[in-house]
Amino acid sequence: MANIAVTGGNGFIGGHIVDELQNAKHNVFIIDVLQGIKKKNNFFKIDINDTKNLEKCFIENKIEYVFHIAAIANARQSIEDPVQTIDINVKGTASVLFASHKAQVKKVILASTVWVFNACEKDFTKSKNITLDETALIKPEGGKHFYTTSKLVSELLCQDFSSLKNLKFTILRYGIPYGPNMWKGLVLRSFVENALGKKPLNIIGDGTAKRRFIHVSDLAKAHLLSLSEKADNQIFNIEGNNDVTIGELANLVAQNIENTSVNFTEDSTRKGELNMDNFEISNLKAKKLLNWEPKIEIKQGVKDYIDWYKSNNS
Ligand SMILES: NC(=O)c1ccc[n+]([C@@H]2O[C@H](COP(=O)([O-])OP(=O)(O)OC[C@H]3O[C@@H](n4cnc5c(N)ncnc54)[C@H](O)[C@@H]3O)[C@@H](O)[C@H]2O)c1
């Protein structure tokens, strides 16, 4: 049983991580600027850029591990306000790492994203389809998106604090998370809201864009496993096993909600988003080293989400 702080613990993914850690009997301390919907114990209303108060909170509560989940998570919002994105995602990460170092925290676990693979070198000379793992090299041209850049820099900051301040880290690069409490704008939630509201599902592009969705409870389990020393100073891709196209996702919604129709649109604000047309991302390292395995298949996950949405939005 450890004392664990979760920044962003009142958000979509942070909330599930808090539940997972509490179920495993850890003492959890939520750090967020928003009071959660559910009243949870040990809530501290602290902005992650308030380094002094973070440090005080970590010391007073004898925090051993910090899950740094708080961020601007909405990529569209990062295009609207890149300065705010860098302030919260980059400066905020430096602040959390510095406060953790000062409070002698054992390890910081960072929420990153597979979007960083947009910035990775891809050699298609031998094959048209390649698989990338955590060793893929980052190109100087970067990921061409403020959100991706903010996560790449956050990852580099973890590496710097490790080499300069001896602070351990684990970086988890999330696939596309879905499940209860996801925020408005995430694709499955928009599809379900539209289908239940008798409006067509809006597919951006032709529906062939693929993603590796990961159920948020499978994602939360990877966080628990990353407390292990095996995960120290390691990066892991935490994503689903199979490619699912946006068209297939829309079909899964249609199978569960009668009379669902689909509309295809274009959206210029989607520039620079993850494009996995000719590469895939391996989750083998997490399977081998952490014994982690995504359990919830997308078909079941979509059905469960629709049931959850209906009972929580009536
Ligand atoms: N949702 C996704 O599709 C996705 C995919 C990959 C990675 N991620 C990453 O996962 C993490 C969680 O994302 P989410 O979808 O749960 O987002 P979310 O917006 O639901 O949660 C973020 C939480 O951080 C808090 N927060 C924001 N700024 C803060 C600040 N300055 N100080 C303290 N708290 C602050 C918010 O109040 C919120 O509760 C983020 O780091 C995000 O970049 C998300």
# chains A, B, ... in the order shown; residues from 1 in each chain; ligands from 1
$ residues_near_ligand --ligand "ligand 1" --cutoff "8 Å" --atoms "only C-alpha atoms and all ligand atoms" --output "ChimeraX atom specification"
/A:7-15,31-36,45-49,68-74,88-89,92,110-115,147,151,173-178,182-183,186
$ residues_around --residues "stretch 218-226 of chain A" --least-positions-apart "3" --cutoff "7 Å" --atoms "only C-alpha atoms" --output "ChimeraX atom specification"
/A:16-17,20-21,170,214-215,231,238,290,292,294-295
$ closest_residue --among "A:Thr208, A:Asn233, A:Asn53, A:Thr85" --to "A:Phe264" --atoms "only C-alpha atoms"
A:Thr208
$ atom_distance --atom1 "atom CA of A:Leu274" --atom2 "atom CA of A:Phe146"
12.5 Å
$ select_by_dssp --residues "stretch 63-98 of chain A" --states "strand (DSSP E)" --output "PyMOL selection string"
chain A and resi 65-68
$ write_last_selection --atoms "N, CA and C atoms" --output "PDB file, in the first residue's frame"
ATOM      1  N   TYR A  65       4.547   8.002  -5.005  1.00  0.00           N
ATOM      2  CA  TYR A  65       4.430   7.946  -6.473  1.00  0.00           C
ATOM      3  C   TYR A  65       3.480   9.050  -6.934  1.00  0.00           C
ATOM      4  N   VAL A  66       3.799   9.632  -8.096  1.00  0.00           N
ATOM      5  CA  VAL A  66       2.910  10.647  -8.679  1.00  0.00           C
ATOM      6  C   VAL A  66       2.509  10.184 -10.078  1.00  0.00           C
ATOM      7  N   PHE A  67       1.208  10.073 -10.292  1.00  0.00           N
ATOM      8  CA  PHE A  67       0.706   9.842 -11.652  1.00  0.00           C
ATOM      9  C   PHE A  67       0.382  11.217 -12.224  1.00  0.00           C
ATOM     10  N   HIS A  68       1.148  11.636 -13.227  1.00  0.00           N
ATOM     11  CA  HIS A  68       0.923  12.975 -13.778  1.00  0.00           C
ATOM     12  C   HIS A  68       0.032  12.867 -15.025  1.00  0.00           C
TER      13      HIS A  68
END
$ atom_distance --atom1 "atom CA of A:Asn278" --atom2 "atom CA of A:Phe124"
8.8 Å
$ decode --residues "stretch 62-81 of chain A" --atoms "N, CA and C atoms" --output "PDB file, in the first residue's frame"
ATOM      1  N   LYS A  62       3.387  12.535   2.455  1.00  0.00           N
ATOM      2  CA  LYS A  62       4.391  11.463   2.259  1.00  0.00           C
ATOM      3  C   LYS A  62       4.148  10.707   0.948  1.00  0.00           C
ATOM      4  N   ILE A  63       3.991  11.496  -0.136  1.00  0.00           N
ATOM      5  CA  ILE A  63       3.691  10.893  -1.437  1.00  0.00           C
ATOM      6  C   ILE A  63       4.904  10.125  -1.962  1.00  0.00           C
ATOM      7  N   GLU A  64       4.655   8.880  -2.371  1.00  0.00           N
ATOM      8  CA  GLU A  64       5.747   8.032  -2.884  1.00  0.00           C
ATOM      9  C   GLU A  64       5.752   7.975  -4.421  1.00  0.00           C
ATOM     10  N   TYR A  65       4.547   8.002  -5.005  1.00  0.00           N
ATOM     11  CA  TYR A  65       4.430   7.946  -6.473  1.00  0.00           C
ATOM     12  C   TYR A  65       3.480   9.050  -6.934  1.00  0.00           C
ATOM     13  N   VAL A  66       3.799   9.632  -8.096  1.00  0.00           N
ATOM     14  CA  VAL A  66       2.910  10.647  -8.679  1.00  0.00           C
ATOM     15  C   VAL A  66       2.509  10.184 -10.078  1.00  0.00           C
ATOM     16  N   PHE A  67       1.208  10.073 -10.292  1.00  0.00           N
ATOM     17  CA  PHE A  67       0.706   9.842 -11.652  1.00  0.00           C
ATOM     18  C   PHE A  67       0.382  11.217 -12.224  1.00  0.00           C
ATOM     19  N   HIS A  68       1.148  11.636 -13.227  1.00  0.00           N
ATOM     20  CA  HIS A  68       0.923  12.975 -13.778  1.00  0.00           C
ATOM     21  C   HIS A  68       0.032  12.867 -15.025  1.00  0.00           C
ATOM     22  N   ILE A  69      -1.249  13.094 -14.788  1.00  0.00           N
ATOM     23  CA  ILE A  69      -2.259  12.880 -15.819  1.00  0.00           C
ATOM     24  C   ILE A  69      -2.847  14.216 -16.302  1.00  0.00           C
ATOM     25  N   ALA A  70      -2.807  15.262 -15.455  1.00  0.00           N
ATOM     26  CA  ALA A  70      -3.417  16.557 -15.814  1.00  0.00           C
ATOM     27  C   ALA A  70      -2.777  17.131 -17.067  1.00  0.00           C
ATOM     28  N   ALA A  71      -3.594  17.655 -17.949  1.00  0.00           N
ATOM     29  CA  ALA A  71      -3.090  18.271 -19.181  1.00  0.00           C
ATOM     30  C   ALA A  71      -4.268  18.868 -19.939  1.00  0.00           C
ATOM     31  N   ILE A  72      -3.959  19.658 -20.958  1.00  0.00           N
ATOM     32  CA  ILE A  72      -4.948  19.961 -21.985  1.00  0.00           C
ATOM     33  C   ILE A  72      -4.944  18.716 -22.862  1.00  0.00           C
ATOM     34  N   ALA A  73      -6.026  17.936 -22.808  1.00  0.00           N
ATOM     35  CA  ALA A  73      -6.064  16.643 -23.504  1.00  0.00           C
ATOM     36  C   ALA A  73      -6.709  16.765 -24.877  1.00  0.00           C
ATOM     37  N   ASN A  74      -7.411  17.854 -25.089  1.00  0.00           N
ATOM     38  CA  ASN A  74      -8.152  18.015 -26.339  1.00  0.00           C
ATOM     39  C   ASN A  74      -7.251  18.670 -27.396  1.00  0.00           C
ATOM     40  N   ALA A  75      -6.878  17.883 -28.403  1.00  0.00           N
ATOM     41  CA  ALA A  75      -5.937  18.367 -29.409  1.00  0.00           C
ATOM     42  C   ALA A  75      -6.474  19.602 -30.148  1.00  0.00           C
ATOM     43  N   ARG A  76      -7.800  19.643 -30.352  1.00  0.00           N
ATOM     44  CA  ARG A  76      -8.394  20.810 -31.029  1.00  0.00           C
ATOM     45  C   ARG A  76      -8.196  22.058 -30.185  1.00  0.00           C
ATOM     46  N   GLN A  77      -8.339  21.919 -28.861  1.00  0.00           N
ATOM     47  CA  GLN A  77      -8.135  23.054 -27.952  1.00  0.00           C
ATOM     48  C   GLN A  77      -6.685  23.550 -28.032  1.00  0.00           C
ATOM     49  N   SER A  78      -5.755  22.614 -28.250  1.00  0.00           N
ATOM     50  CA  SER A  78      -4.346  23.015 -28.317  1.00  0.00           C
ATOM     51  C   SER A  78      -4.059  23.823 -29.579  1.00  0.00           C
ATOM     52  N   ILE A  79      -4.847  23.596 -30.634  1.00  0.00           N
ATOM     53  CA  ILE A  79      -4.672  24.419 -31.837  1.00  0.00           C
ATOM     54  C   ILE A  79      -5.242  25.818 -31.585  1.00  0.00           C
ATOM     55  N   GLU A  80      -6.363  25.873 -30.852  1.00  0.00           N
ATOM     56  CA  GLU A  80      -6.988  27.165 -30.510  1.00  0.00           C
ATOM     57  C   GLU A  80      -6.062  27.996 -29.632  1.00  0.00           C
ATOM     58  N   ASP A  81      -5.414  27.315 -28.672  1.00  0.00           N
ATOM     59  CA  ASP A  81      -4.595  28.059 -27.716  1.00  0.00           C
ATOM     60  C   ASP A  81      -3.284  27.329 -27.420  1.00  0.00           C
TER      61      ASP A  81
END
